[in-house]
$ cat my_file-v1.txt   # compact mmCIF, C-alpha atoms
# COMPACT_ATOMS: atom_id res chain seq x y z
CA MET U 196 -17.73 -46.42 -3.48
CA ASN U 197 -16.66 -44.99 -0.12
CA LEU U 198 -13.08 -44.77 -1.35
CA GLN U 199 -14.23 -42.84 -4.42
CA LEU U 200 -16.19 -40.41 -2.25
CA ASN U 201 -13.25 -39.85 0.09
CA ARG U 202 -10.94 -39.21 -2.84
CA HIS U 203 -13.20 -36.50 -4.21
CA ARG U 204 -14.09 -34.94 -0.88
CA PRO U 205 -11.76 -31.90 -1.22
CA GLN U 206 -13.17 -31.13 -4.66
CA ALA U 207 -16.73 -31.52 -3.37
CA LEU U 208 -16.00 -29.19 -0.46
CA LEU U 209 -14.39 -26.68 -2.81
CA ILE U 210 -17.42 -26.64 -5.10
CA PHE U 211 -19.81 -26.43 -2.16
CA PHE U 212 -18.05 -23.44 -0.54
CA LEU U 213 -17.50 -21.68 -3.85
CA LEU U 214 -21.19 -22.07 -4.65
CA ILE U 215 -22.21 -20.62 -1.28
CA SER U 216 -19.83 -17.69 -1.81
CA LEU U 217 -21.16 -17.12 -5.33
CA ILE U 218 -24.74 -17.13 -4.07
CA PHE U 219 -23.77 -14.48 -1.47
CA ILE U 220 -22.00 -12.42 -4.13
CA VAL U 221 -24.88 -12.54 -6.60
CA ILE U 222 -27.54 -11.73 -3.97
CA GLN U 223 -25.55 -8.90 -2.39
CA GLY U 224 -24.14 -7.54 -5.63
CA SER U 225 -27.55 -7.26 -7.25
CA GLU U 226 -29.47 -6.05 -4.19
CA GLY U 227 -26.68 -3.78 -2.98
CA LYS U 228 -27.49 -4.29 0.70
CA ARG U 229 -26.54 -6.68 3.46
CA SER U 230 -28.38 -7.25 6.62
CA ASN U 231 -29.00 -10.46 8.46
CA HIS U 232 -28.87 -11.75 11.99
CA LEU U 233 -25.86 -14.00 11.44
CA ILE U 234 -23.64 -11.08 10.33
CA HIS U 235 -24.83 -8.97 13.25
CA SER U 236 -24.18 -11.78 15.75
CA ILE U 237 -20.63 -12.29 14.47
CA ILE U 238 -19.88 -8.57 14.69
CA ALA U 239 -21.38 -8.45 18.19
CA ALA U 240 -19.25 -11.44 19.29
CA PHE U 241 -16.06 -9.77 18.07
CA SER U 242 -16.74 -6.24 19.35
CA PRO U 243 -15.34 -6.73 22.92
CA ILE U 244 -12.11 -8.11 21.43
CA HIS U 245 -11.96 -5.17 19.06
CA LYS U 246 -12.32 -2.77 21.98
CA LEU U 247 -9.54 -4.48 23.91
CA THR U 248 -7.21 -4.60 20.91
CA ILE U 249 -7.76 -1.01 19.93
CA ASN U 250 -6.91 0.08 23.49
CA ILE U 251 -3.67 -1.93 23.46
CA VAL U 252 -2.74 -0.60 20.01
CA ARG U 253 -3.56 2.95 21.06
CA GLY U 254 -1.48 2.57 24.23
CA THR U 255 1.52 1.45 22.19
CA GLY U 256 0.91 4.31 19.76
CA TYR U 257 0.90 6.84 22.61
CA ILE U 258 4.27 5.58 23.89
CA TRP U 259 5.70 6.05 20.42
CA SER U 260 4.16 9.45 19.78
CA ASP U 261 4.63 10.87 23.31
CA TYR U 262 8.18 9.76 24.04
CA ILE U 263 10.06 8.46 21.02
CA ALA U 264 8.88 10.67 18.18
CA LEU U 265 9.54 14.00 19.91
CA VAL U 266 12.55 15.10 17.87
CA GLY U 267 12.09 18.65 16.50
CA VAL U 268 9.00 19.26 18.56
CA ARG U 269 10.15 22.63 19.99
CA GLU U 270 10.09 24.38 16.61
CA LYS U 271 6.80 22.79 15.74
CA ASN U 272 5.41 23.86 19.11
CA LYS U 273 6.28 27.51 18.47
CA GLU U 274 4.67 27.38 15.08
CA LEU U 275 1.56 25.72 16.49
CA LYS U 276 1.29 28.35 19.24
CA ARG U 277 1.28 31.07 16.61
CA LYS U 278 -1.40 29.17 14.73
CA ILE U 279 -3.48 28.78 17.90
CA GLU U 280 -3.41 32.55 18.48
CA TYR U 281 -4.53 33.16 14.94
CA LEU U 282 -7.26 30.51 15.17
CA LYS U 283 -8.49 31.93 18.49
CA LYS U 284 -9.00 35.26 16.75
CA LEU U 285 -10.81 33.57 13.89
CA ASN U 286 -12.89 31.50 16.28
CA ASN U 287 -13.98 34.63 18.13
CA GLN U 288 -15.11 36.22 14.89
CA TYR U 289 -16.88 33.01 13.98
CA LEU U 290 -18.73 32.89 17.32
CA GLU U 291 -19.88 36.45 16.77
CA ILE U 292 -21.22 35.48 13.35
CA VAL U 293 -22.96 32.41 14.80
CA GLN U 294 -24.63 34.54 17.47
CA ALA U 295 -25.72 37.08 14.89
CA ASN U 296 -26.97 34.30 12.66
CA LYS U 297 -29.00 32.76 15.49
CA ARG U 298 -30.60 36.08 16.24
CA LEU U 299 -31.45 36.60 12.57
CA VAL U 300 -32.92 33.13 12.30
CA LYS U 301 -35.16 33.85 15.27
CA LEU U 302 -36.10 37.18 13.78
CA LEU U 303 -37.15 35.56 10.54
CA SER U 304 -39.28 33.11 12.56
CA LEU U 305 -37.68 30.12 10.94
CA GLN U 306 -38.60 27.06 12.88
CA LYS U 307 -35.36 25.34 12.20
CA THR U 308 -32.56 24.89 14.66
CA ILE U 309 -29.05 24.12 13.58
CA ASP U 310 -28.20 22.19 16.75
CA GLU U 311 -29.13 18.53 16.68
CA PRO U 312 -28.59 15.85 19.36
CA THR U 313 -25.43 13.81 18.93
CA ILE U 314 -24.02 10.54 20.22
CA CYS U 315 -20.30 10.37 20.99
CA SER U 316 -18.82 7.09 19.87
CA GLU U 317 -15.42 5.42 19.92
CA ILE U 318 -13.90 3.68 16.91
CA ILE U 319 -13.24 0.02 17.69
CA GLY U 320 -12.27 -1.32 14.28
CA LYS U 321 -11.55 -0.53 10.68
CA ASP U 322 -12.43 -2.25 7.42
CA SER U 323 -10.65 -5.59 7.18
CA THR U 324 -9.76 -5.09 3.50
CA ASN U 325 -8.05 -2.38 1.45
CA TRP U 326 -10.96 -2.40 -0.99
CA PHE U 327 -13.58 -0.62 1.08
CA LYS U 328 -13.41 2.24 3.57
CA SER U 329 -15.40 1.75 6.73
CA ILE U 330 -15.03 1.95 10.50
CA LEU U 331 -16.73 0.09 13.34
CA LEU U 332 -18.19 2.14 16.21
CA ASP U 333 -19.02 1.06 19.76
CA LYS U 334 -22.59 2.40 19.68
CA GLY U 335 -25.55 0.59 18.17
CA SER U 336 -29.33 0.57 17.93
CA MET U 337 -29.64 0.30 21.72
CA ASP U 338 -27.99 3.73 21.93
CA GLY U 339 -30.34 5.19 19.34
CA VAL U 340 -28.14 4.76 16.26
CA ARG U 341 -30.00 4.18 12.99
CA VAL U 342 -28.93 3.49 9.42
CA ASN U 343 -28.05 6.59 7.33
CA MET U 344 -27.37 8.85 10.34
CA PRO U 345 -24.47 11.24 9.57
CA VAL U 346 -21.14 10.76 11.33
CA VAL U 347 -18.94 13.80 11.96
CA THR U 348 -15.95 15.02 13.93
CA TYR U 349 -15.26 18.50 15.21
CA ASN U 350 -13.60 19.44 11.92
CA GLY U 351 -15.69 17.80 9.26
CA ILE U 352 -17.92 14.99 8.11
CA VAL U 353 -16.73 11.40 8.26
CA GLY U 354 -19.47 9.34 6.61
CA LYS U 355 -22.84 7.83 7.35
CA ILE U 356 -24.11 4.79 9.25
CA HIS U 357 -24.25 1.78 6.96
CA GLU U 358 -25.12 -1.13 9.26
CA VAL U 359 -26.33 -1.25 12.85
CA THR U 360 -26.27 -4.04 15.42
CA ASN U 361 -27.45 -3.75 19.04
CA HIS U 362 -24.15 -2.43 20.37
CA THR U 363 -22.06 -1.58 17.30
CA SER U 364 -22.48 0.20 14.00
CA LYS U 365 -20.54 0.37 10.77
CA VAL U 366 -19.80 3.68 9.07
CA LEU U 367 -19.36 4.01 5.32
CA LEU U 368 -16.61 6.64 5.04
CA ILE U 369 -16.84 9.50 2.55
CA THR U 370 -13.68 8.16 0.89
CA ASP U 371 -15.36 4.82 0.03
CA VAL U 372 -16.17 4.35 -3.66
CA ASN U 373 -19.81 3.70 -2.78
CA SER U 374 -20.25 7.00 -0.91
CA SER U 375 -21.90 10.02 -2.55
CA ILE U 376 -22.93 13.28 -0.86
CA ALA U 377 -24.51 16.47 -2.21
CA ILE U 378 -22.09 19.37 -1.66
CA LEU U 379 -21.59 23.07 -2.26
CA ILE U 380 -18.44 25.07 -2.86
CA GLN U 381 -18.69 27.49 0.07
CA ARG U 382 -17.57 30.65 -1.77
CA ASN U 383 -19.61 30.52 -4.96
CA ARG U 384 -22.36 28.04 -3.90
CA ALA U 385 -21.65 25.80 -6.91
CA GLU U 386 -23.29 22.41 -6.46
CA GLY U 387 -21.86 18.97 -7.06
CA ILE U 388 -21.81 15.39 -5.84
CA LEU U 389 -18.88 14.30 -3.70
CA VAL U 390 -17.90 10.69 -4.34
CA GLY U 391 -15.23 8.60 -2.66
CA SER U 392 -12.20 7.46 -4.60
CA GLY U 393 -11.15 4.52 -2.45
CA GLN U 394 -8.00 6.50 -1.62
CA ASP U 395 -7.47 9.35 0.88
CA TYR U 396 -9.33 11.90 -1.20
CA CYS U 397 -12.76 12.37 -2.78
CA THR U 398 -13.76 13.72 -6.17
CA ILE U 399 -16.58 16.06 -7.16
CA LYS U 400 -18.93 14.93 -9.90
CA TYR U 401 -21.18 17.18 -11.94
CA LEU U 402 -19.35 20.40 -11.09
CA ARG U 403 -20.14 22.77 -13.95
CA LYS U 404 -17.19 23.80 -16.07
CA ASP U 405 -18.17 27.47 -16.17
CA VAL U 406 -17.85 27.76 -12.38
CA GLU U 407 -14.51 29.12 -11.22
CA VAL U 408 -13.03 26.92 -8.52
CA LYS U 409 -9.68 27.52 -6.85
CA LYS U 410 -7.34 25.23 -4.95
CA GLY U 411 -7.86 25.51 -1.19
CA GLU U 412 -11.55 26.42 -1.39
CA ARG U 413 -13.80 24.94 1.25
CA VAL U 414 -16.46 22.38 0.40
CA ILE U 415 -19.58 22.03 2.58
CA THR U 416 -22.65 19.79 2.62
CA SER U 417 -25.60 21.21 0.68
CA GLY U 418 -28.28 19.47 2.75
CA MET U 419 -29.83 17.99 -0.41
CA GLY U 420 -30.91 14.40 0.05
CA GLY U 421 -31.70 14.96 3.71
CA PHE U 422 -28.99 12.77 5.21
CA PHE U 423 -26.50 15.48 6.13
CA PRO U 424 -27.41 18.83 7.67
CA LYS U 425 -26.56 21.80 5.46
CA GLY U 426 -23.29 23.63 6.00
CA LEU U 427 -21.08 20.92 7.51
CA LEU U 428 -17.48 21.20 6.42
CA VAL U 429 -16.40 18.41 4.10
CA GLY U 430 -12.89 19.37 3.02
CA THR U 431 -10.84 21.59 0.77
CA ILE U 432 -10.25 21.51 -2.97
CA ASN U 433 -6.83 20.09 -3.72
CA LYS U 434 -6.78 19.65 -7.50
CA ILE U 435 -8.83 20.96 -10.41
CA LYS U 436 -8.79 19.73 -13.98
CA LYS U 437 -10.75 21.14 -16.90
CA ASN U 438 -10.91 19.17 -20.12
CA ASN U 439 -11.64 20.77 -23.48
CA TYR U 440 -14.63 18.47 -23.89
CA GLY U 441 -17.63 17.75 -21.65
CA LEU U 442 -19.86 19.89 -19.45
CA PHE U 443 -18.18 19.32 -16.13
CA GLN U 444 -14.80 19.87 -14.54
CA TYR U 445 -12.86 17.48 -12.31
CA ALA U 446 -12.00 18.42 -8.73
CA GLU U 447 -10.29 16.51 -5.95
CA VAL U 448 -11.20 17.20 -2.32
CA VAL U 449 -9.09 16.36 0.72
CA PRO U 450 -11.44 15.58 3.65
CA GLU U 451 -11.04 17.96 6.57
CA ALA U 452 -11.59 15.16 9.10
CA GLN U 453 -8.34 13.22 9.27
CA ILE U 454 -10.07 9.92 8.68
CA SER U 455 -7.05 7.66 9.18
CA LYS U 456 -6.32 9.23 12.58
CA LEU U 457 -9.83 9.26 13.99
CA GLU U 458 -10.47 7.95 17.48
CA GLU U 459 -13.86 9.33 18.42
CA VAL U 460 -16.71 10.58 16.29
CA PHE U 461 -20.15 12.10 16.73
CA ILE U 462 -23.25 10.53 15.28
CA ILE U 463 -25.90 13.15 14.54
CA LYS U 464 -29.26 11.84 15.72
CA ARG U 465 -31.41 12.98 12.86
CA ASN U 466 -34.18 11.06 11.15
CA PRO U 467 -32.68 10.11 7.79
CA TYR U 468 -36.09 9.54 6.25
CA ALA U 469 -37.64 12.80 7.41
CA VAL U 470 -37.26 14.41 4.03
CA PHE U 471 -38.93 11.53 2.25
CA ASN U 472 -41.74 11.13 4.79
CA LEU U 473 -41.25 7.37 4.86
CA ASN U 474 -41.74 6.96 8.60
CA MET W 158 -8.30 -31.60 19.78
CA LYS W 159 -5.00 -29.68 19.86
CA ASN W 160 -5.24 -29.15 16.11
CA PHE W 161 -8.80 -27.90 16.42
CA LEU W 162 -7.83 -25.42 19.13
CA PHE W 163 -4.89 -24.28 17.04
CA PHE W 164 -7.16 -23.65 14.03
CA LEU W 165 -9.61 -21.79 16.22
CA LEU W 166 -6.89 -19.53 17.63
CA LEU W 167 -5.39 -18.98 14.18
CA ILE W 168 -8.76 -17.88 12.77
CA PHE W 169 -9.48 -15.75 15.78
CA PHE W 170 -6.15 -13.91 15.82
CA SER W 171 -5.92 -13.41 12.07
CA ILE W 172 -9.40 -11.89 11.92
CA PHE W 173 -8.98 -9.53 14.83
CA PHE W 174 -5.49 -8.48 13.74
CA GLN W 175 -6.77 -7.86 10.22
CA SER W 176 -9.66 -5.68 11.33
CA SER W 177 -8.00 -3.72 14.13
CA ALA W 178 -4.36 -4.05 15.17
CA LEU W 179 -3.00 -4.36 11.64
CA ASN W 180 -4.09 -0.81 10.82
CA ILE W 181 -0.99 0.58 12.56
CA LEU W 182 1.17 -1.36 10.10
CA ALA W 183 -0.56 0.23 7.11
CA ILE W 184 1.88 1.91 4.72
CA GLY W 185 0.14 4.61 2.71
CA HIS W 186 -3.20 3.10 3.73
CA ILE W 187 -2.25 -0.29 2.35
CA LYS W 188 -2.19 -3.13 4.84
CA PRO W 189 -1.22 -6.73 4.18
CA ASP W 190 -3.90 -9.37 3.70
CA LEU W 191 -3.05 -11.47 6.73
CA VAL W 192 -6.11 -13.65 6.17
CA LEU W 193 -4.93 -14.66 2.70
CA ILE W 194 -1.50 -15.59 4.03
CA VAL W 195 -3.06 -17.66 6.84
CA ALA W 196 -5.46 -19.38 4.38
CA CYS W 197 -2.49 -20.27 2.15
CA TYR W 198 -0.46 -21.48 5.14
CA ILE W 199 -3.30 -23.79 6.20
CA GLY W 200 -3.69 -25.08 2.63
CA LEU W 201 0.02 -25.78 2.38
CA HIS W 202 0.45 -27.48 5.75
CA TRP W 203 -2.70 -29.52 6.36
CA GLU W 204 -4.84 -32.10 4.59
CA GLU W 205 -6.34 -31.14 1.27
CA GLU W 206 -9.87 -30.65 2.62
CA THR W 207 -8.79 -28.38 5.50
CA GLY W 208 -7.68 -25.62 3.08
CA PRO W 209 -11.05 -24.88 1.45
CA CYS W 210 -12.98 -25.32 4.74
CA LEU W 211 -10.88 -22.93 6.82
CA GLY W 212 -10.34 -20.65 3.82
CA PHE W 213 -14.10 -20.28 3.56
CA ILE W 214 -14.53 -19.54 7.29
CA LEU W 215 -11.66 -17.03 7.28
CA GLY W 216 -12.94 -15.30 4.15
CA LEU W 217 -16.50 -15.15 5.41
CA LEU W 218 -15.39 -13.58 8.70
CA GLN W 219 -13.27 -11.08 6.77
CA ASP W 220 -16.33 -10.23 4.66
CA VAL W 221 -18.39 -9.66 7.79
CA PHE W 222 -15.89 -7.02 9.00
CA SER W 223 -15.90 -5.22 5.69
CA THR W 224 -18.55 -3.12 3.95
CA GLY W 225 -17.88 -4.94 0.69
CA ILE W 226 -19.88 -7.68 -0.95
CA LEU W 227 -20.41 -10.71 1.29
CA GLY W 228 -18.86 -13.75 -0.34
CA LEU W 229 -16.01 -11.96 -2.10
CA ASN W 230 -13.32 -12.95 0.38
CA SER W 231 -14.87 -16.33 1.20
CA PHE W 232 -14.72 -17.17 -2.52
CA SER W 233 -11.08 -16.17 -2.97
CA LYS W 234 -9.87 -17.68 0.30
CA THR W 235 -11.66 -21.01 -0.36
CA LEU W 236 -9.98 -21.17 -3.75
CA SER W 237 -6.58 -20.17 -2.31
CA GLY W 238 -6.84 -22.78 0.47
CA TYR W 239 -7.73 -25.51 -2.01
CA LEU W 240 -5.09 -24.63 -4.62
CA CYS W 241 -2.39 -24.36 -1.93
CA GLY W 242 -3.36 -27.87 -0.78
CA LYS W 243 -2.90 -29.10 -4.35
CA ALA W 244 0.40 -27.21 -4.71
CA SER W 245 1.79 -28.64 -1.46
CA LYS W 246 1.87 -32.12 -3.02
CA ARG W 247 4.06 -31.04 -5.91
CA LEU W 248 6.27 -28.33 -4.41
CA ASN W 249 8.83 -28.12 -1.65
CA ILE W 250 6.80 -25.94 0.69
CA LYS W 251 9.63 -25.69 3.25
CA ASN W 252 11.54 -23.55 0.76
CA ILE W 253 11.10 -19.87 1.62
CA ILE W 254 11.27 -18.81 -2.05
CA ILE W 255 8.43 -21.18 -2.95
CA GLN W 256 6.37 -19.79 -0.04
CA VAL W 257 6.74 -16.15 -1.08
CA ILE W 258 6.14 -16.93 -4.76
CA ILE W 259 2.90 -18.72 -3.85
CA ILE W 260 1.72 -15.74 -1.80
CA PHE W 261 2.74 -13.33 -4.56
CA ILE W 262 0.75 -15.26 -7.18
CA PHE W 263 -2.33 -15.70 -4.98
CA SER W 264 -2.31 -12.01 -3.97
CA ILE W 265 -2.24 -10.90 -7.60
CA VAL W 266 -4.89 -13.45 -8.64
CA GLU W 267 -7.12 -12.47 -5.70
CA GLY W 268 -6.76 -8.79 -6.60
CA ILE W 269 -7.70 -9.38 -10.22
CA LEU W 270 -10.62 -11.59 -9.15
CA PHE W 271 -11.90 -8.85 -6.80
CA LEU W 272 -11.50 -6.20 -9.46
CA SER W 273 -13.41 -8.30 -11.99
CA ILE W 274 -16.30 -9.05 -9.60
CA LEU W 275 -16.54 -5.44 -8.44
CA ASN W 276 -16.57 -4.26 -12.02
CA ILE W 277 -19.37 -6.69 -12.84
CA PHE W 278 -21.44 -4.93 -10.16
CA HIS W 279 -20.15 -1.46 -11.16
CA LEU W 280 -18.51 -0.86 -7.80
CA GLN W 281 -14.89 -0.23 -8.81
CA LYS W 282 -14.31 1.43 -12.13
CA LYS W 283 -10.69 2.57 -12.37
CA VAL W 284 -8.97 -0.68 -13.35
CA HIS W 285 -5.51 0.73 -14.10
CA GLU W 286 -5.41 2.93 -10.98
CA THR W 287 -6.73 0.16 -8.71
CA PHE W 288 -4.15 -2.30 -9.99
CA PHE W 289 -1.16 -0.01 -9.43
CA GLN W 290 -2.36 1.73 -6.26
CA LEU W 291 -3.98 -1.17 -4.45
CA ILE W 292 -3.38 -4.65 -5.86
CA LEU W 293 0.35 -4.31 -6.56
CA PRO W 294 1.32 -2.59 -3.27
CA GLN W 295 -0.74 -5.09 -1.28
CA THR W 296 0.88 -7.97 -3.17
CA ILE W 297 4.35 -6.63 -2.42
CA TYR W 298 3.45 -6.09 1.23
CA ASN W 299 2.08 -9.66 1.48
CA PHE W 300 5.21 -10.94 -0.27
CA LEU W 301 7.49 -9.16 2.22
CA ILE W 302 5.79 -10.24 5.44
CA THR W 303 5.16 -13.85 4.41
CA PRO W 304 8.57 -15.26 5.52
CA PHE W 305 8.17 -13.73 9.00
CA LEU W 306 4.53 -14.70 9.35
CA PHE W 307 5.13 -18.27 8.20
CA ARG W 308 7.94 -18.60 10.76
CA ILE W 309 5.72 -17.25 13.55
CA ILE W 310 2.86 -19.64 12.70
CA ASP W 311 5.36 -22.49 12.30
CA PHE W 312 6.73 -21.76 15.76
CA PHE W 313 3.31 -21.93 17.42
CA HIS W 314 2.25 -24.85 15.28
CA LYS W 315 5.23 -26.94 16.36
CA LYS W 316 4.77 -25.93 19.97
CA TRP W 317 1.03 -26.49 20.36
CA ALA W 318 -0.46 -28.52 17.55
CA VAL W 319 0.22 -32.14 16.65
$ encode --input "my_file-v1.txt" --output "structure tokens"
Amino acid sequence: MNLQLNRHRPQALLIFFLLISLIFIVIQGSEGKRSNHLIHSIIAAFSPIHKLTINIVRGTGYIWSDYIALVGVREKNKELKRKIEYLKKLNNQYLEIVQANKRLVKLLSLQKTIDEPTICSEIIGKDSTNWFKSILLDKGSMDGVRVNMPVVTYNGIVGKIHEVTNHTSKVLLITDVNSSIAILIQRNRAEGILVGSGQDYCTIKYLRKDVEVKKGERVITSGMGGFFPKGLLVGTINKIKKNNYGLFQYAEVVPEAQISKLEEVFIIKRNPYAVFNLN
Amino acid sequence: MKNFLFFLLLIFFSIFFQSSALNILAIGHIKPDLVLIVACYIGLHWEEETGPCLGFILGLLQDVFSTGILGLNSFSKTLSGYLCGKASKRLNIKNIIIQVIIIFIFSIVEGILFLSILNIFHLQKKVHETFFQLILPQTIYNFLITPFLFRIIDFFHKKWAV
């Protein structure tokens, strides 16, 4: 009897572990959420190692980028200086507009402010598979981070908080297939839903075919849904396709935030449920 | 005891490399599935029951560090660990060609399994695009690094474990 049991032990173990995995898959796949103490404890246990590794990797990367990969930098430097001058001019104009806008907002007695408190956070890990797009941050619920808070960089939105532990949080990037954000085309205010493609770009759903959209146009958040503040830069239109059939056109957007090269991000401390009055 | 410590270190390093350091080796945002290669290595080199056990632990940890469905990787890695254990009895696992063919097959099968499960839950729709832009490049990447990775693990295995 014992001999029989021993002989079938690998098969029994296989069935047992496959069953556990299947139970996880079915529960998570149907509920679409994951949150339990075991997962959070494992992430918390690994976060110091992640921090250490990312610093070592970054250090190696700096040696490469600062010393070895400097061929042809002089020409690039000249070009960048010209760009900086141009951007300084643009920035000055922009600041003037912001000031004017603030004054107008006050004049109209709107009780909204565009500035919201932020938390600066460092990226300590990235998704362990090629199938999903997420990053791990070194700030958690103890620092005031909550699920659904928007994550941005200085040049565009990155994603939103998906899971939070005490000292870490996971961000679902805008390029993930499960991400969807309400957006506007900045020039003509055409609305759409930005969804991730699982690649480096996003696509716009439900963009009406009769709206004229050009390559290079800027896409911003519309503020609908309440998760993202209105007017944050998302990216630029890279490709447009209109079919003869259907009501909508296809557009590809390249995120402005260089997601693969991110090191630090800002988490906007806004109540994600404010719009729905759930709190 | 030495074996146990070796397993522990193998799990530990493969998980933290997969979720952090390995990102610098990504080519066009595709990185190799180090965890799959390690699960197969364990299945090929240890007793039959070690493969599914460690495959499950490795897969579960990989799931924890991903935003995907929990259980997806633990399922595929358990199966890979077990089948590699079975294959090791019939094949010459010291042969480098056998090793890379095994990894190639398991990478493709894992990719198709993922795609099927994700499609069941309506999470990944573009089958054709996903196969050619994700599964195939990852399989080729896994295929290419397997000989080096197997040698590295072999080296530490011979040095530390029994």
$ closest_residue --input "my_file-v1.txt" --among "W:Phe169, W:Phe307, W:Tyr239, W:Phe261" --to "Leu218 (chain W)" --atoms "only C-alpha atoms"
W:Phe169
$ residues_around --input "my_file-v1.txt" --residues "Leu167 (chain W)" --least-positions-apart "6" --cutoff "12 Å" --atoms "only C-alpha atoms" --output "list in words"
Asn160, Phe161, Phe173, Phe174, Gln175, Leu191, Val192, Ile194, Val195, Ala196, Tyr198, Ile199, Leu211, Gly212, Ile214, Leu215, Leu306, Ile309, Ile310, Asp311, Phe313, His314, Trp317 and Ala318 of chain W
$ closest_residue --input "my_file-v1.txt" --among "W:Trp203, W:Phe289, W:Phe213, W:Phe222" --to "Ile172 (chain W)" --atoms "all atoms listed in the file"
W:Phe222
$ interface_residues --input "my_file-v1.txt" --of "chain W" --to "chain U" --cutoff "9 Å" --atoms "all atoms listed in the file" --output "MDAnalysis selection string"
chainID W and resid 172:181 186:190 205:210 213 217:233 235:236 239 271 274:275 277:278 280:281 287 290:292 295
$ atom_distance --input "my_file-v1.txt" --atom1 "CA of Val342 (chain U)" --atom2 "CA of Val460 (chain U)"
15.7 Å
$ closest_residue --input "my_file-v1.txt" --among "W:Cys241, W:Pro294, W:Ser171, W:Glu286" --to "Ile265 (chain W)" --atoms "all atoms listed in the file"
W:Pro294
$ atom_distance --input "my_file-v1.txt" --atom1 "CA of Arg341 (chain U)" --atom2 "CA of Ile380 (chain U)"
28.7 Å
$ residues_near_point --input "my_file-v1.txt" --point "(-22.1, 25.2, 4.4)" --cutoff "9 Å" --atoms "only C-alpha atoms" --output "ChimeraX atom specification"
/U:378-381,384,413-418,424-429
$ atom_distance --input "my_file-v1.txt" --atom1 "CA of Lys334 (chain U)" --atom2 "CA of Glu458 (chain U)"
13.5 Å
$ residues_around --input "my_file-v1.txt" --residues "Lys464 (chain U)" --least-positions-apart "5" --cutoff "8 Å" --atoms "all atoms listed in the file" --output "list in words"
Glu311, Pro312, Thr313, Ile314, Gly339, Val340, Met344 and Pro345 of chain U
$ decode --input "my_file-v1.txt" --residues "region 302-306 of chain W" --atoms "all heavy atoms" --output "mmCIF file, in the first residue's frame"
data_model
loop_
_atom_site.group_PDB
_atom_site.id
_atom_site.type_symbol
_atom_site.label_atom_id
_atom_site.label_comp_id
_atom_site.auth_asym_id
_atom_site.auth_seq_id
_atom_site.Cartn_x
_atom_site.Cartn_y
_atom_site.Cartn_z
ATOM 1 N N ILE W 302 18.924 31.909 -24.238
ATOM 2 C CA ILE W 302 19.691 32.042 -22.968
ATOM 3 C C ILE W 302 19.779 30.731 -22.183
ATOM 4 O O ILE W 302 20.562 30.635 -21.248
ATOM 5 C CB ILE W 302 19.167 33.173 -22.057
ATOM 6 C CG1 ILE W 302 17.787 32.852 -21.497
ATOM 7 C CG2 ILE W 302 19.193 34.522 -22.737
ATOM 8 C CD1 ILE W 302 17.522 33.628 -20.208
ATOM 9 N N THR W 303 18.969 29.747 -22.574
ATOM 10 C CA THR W 303 18.958 28.478 -21.822
ATOM 11 C C THR W 303 20.340 27.822 -21.676
ATOM 12 O O THR W 303 20.722 27.452 -20.557
ATOM 13 C CB THR W 303 17.959 27.490 -22.468
ATOM 14 O OG1 THR W 303 16.673 28.074 -22.338
ATOM 15 C CG2 THR W 303 17.965 26.138 -21.787
ATOM 16 N N PRO W 304 21.128 27.673 -22.769
ATOM 17 C CA PRO W 304 22.431 27.014 -22.597
ATOM 18 C C PRO W 304 23.309 27.701 -21.546
ATOM 19 O O PRO W 304 23.937 27.023 -20.712
ATOM 20 C CB PRO W 304 23.075 27.122 -23.976
ATOM 21 C CG PRO W 304 21.955 27.342 -24.915
ATOM 22 C CD PRO W 304 20.901 28.071 -24.166
ATOM 23 N N PHE W 305 23.316 29.042 -21.566
ATOM 24 C CA PHE W 305 24.149 29.791 -20.601
ATOM 25 C C PHE W 305 23.613 29.627 -19.182
ATOM 26 O O PHE W 305 24.347 29.375 -18.238
ATOM 27 C CB PHE W 305 24.177 31.278 -20.962
ATOM 28 C CG PHE W 305 24.642 31.526 -22.358
ATOM 29 C CD1 PHE W 305 23.740 31.837 -23.361
ATOM 30 C CD2 PHE W 305 25.991 31.428 -22.692
ATOM 31 C CE1 PHE W 305 24.158 32.051 -24.660
ATOM 32 C CE2 PHE W 305 26.417 31.628 -23.986
ATOM 33 C CZ PHE W 305 25.500 31.940 -24.977
ATOM 34 N N LEU W 306 22.299 29.755 -19.064
ATOM 35 C CA LEU W 306 21.679 29.685 -17.742
ATOM 36 C C LEU W 306 21.827 28.291 -17.120
ATOM 37 O O LEU W 306 22.132 28.167 -15.928
ATOM 38 C CB LEU W 306 20.195 30.040 -17.879
ATOM 39 C CG LEU W 306 19.580 30.705 -16.677
ATOM 40 C CD1 LEU W 306 20.262 32.022 -16.384
ATOM 41 C CD2 LEU W 306 18.104 30.950 -16.909
#
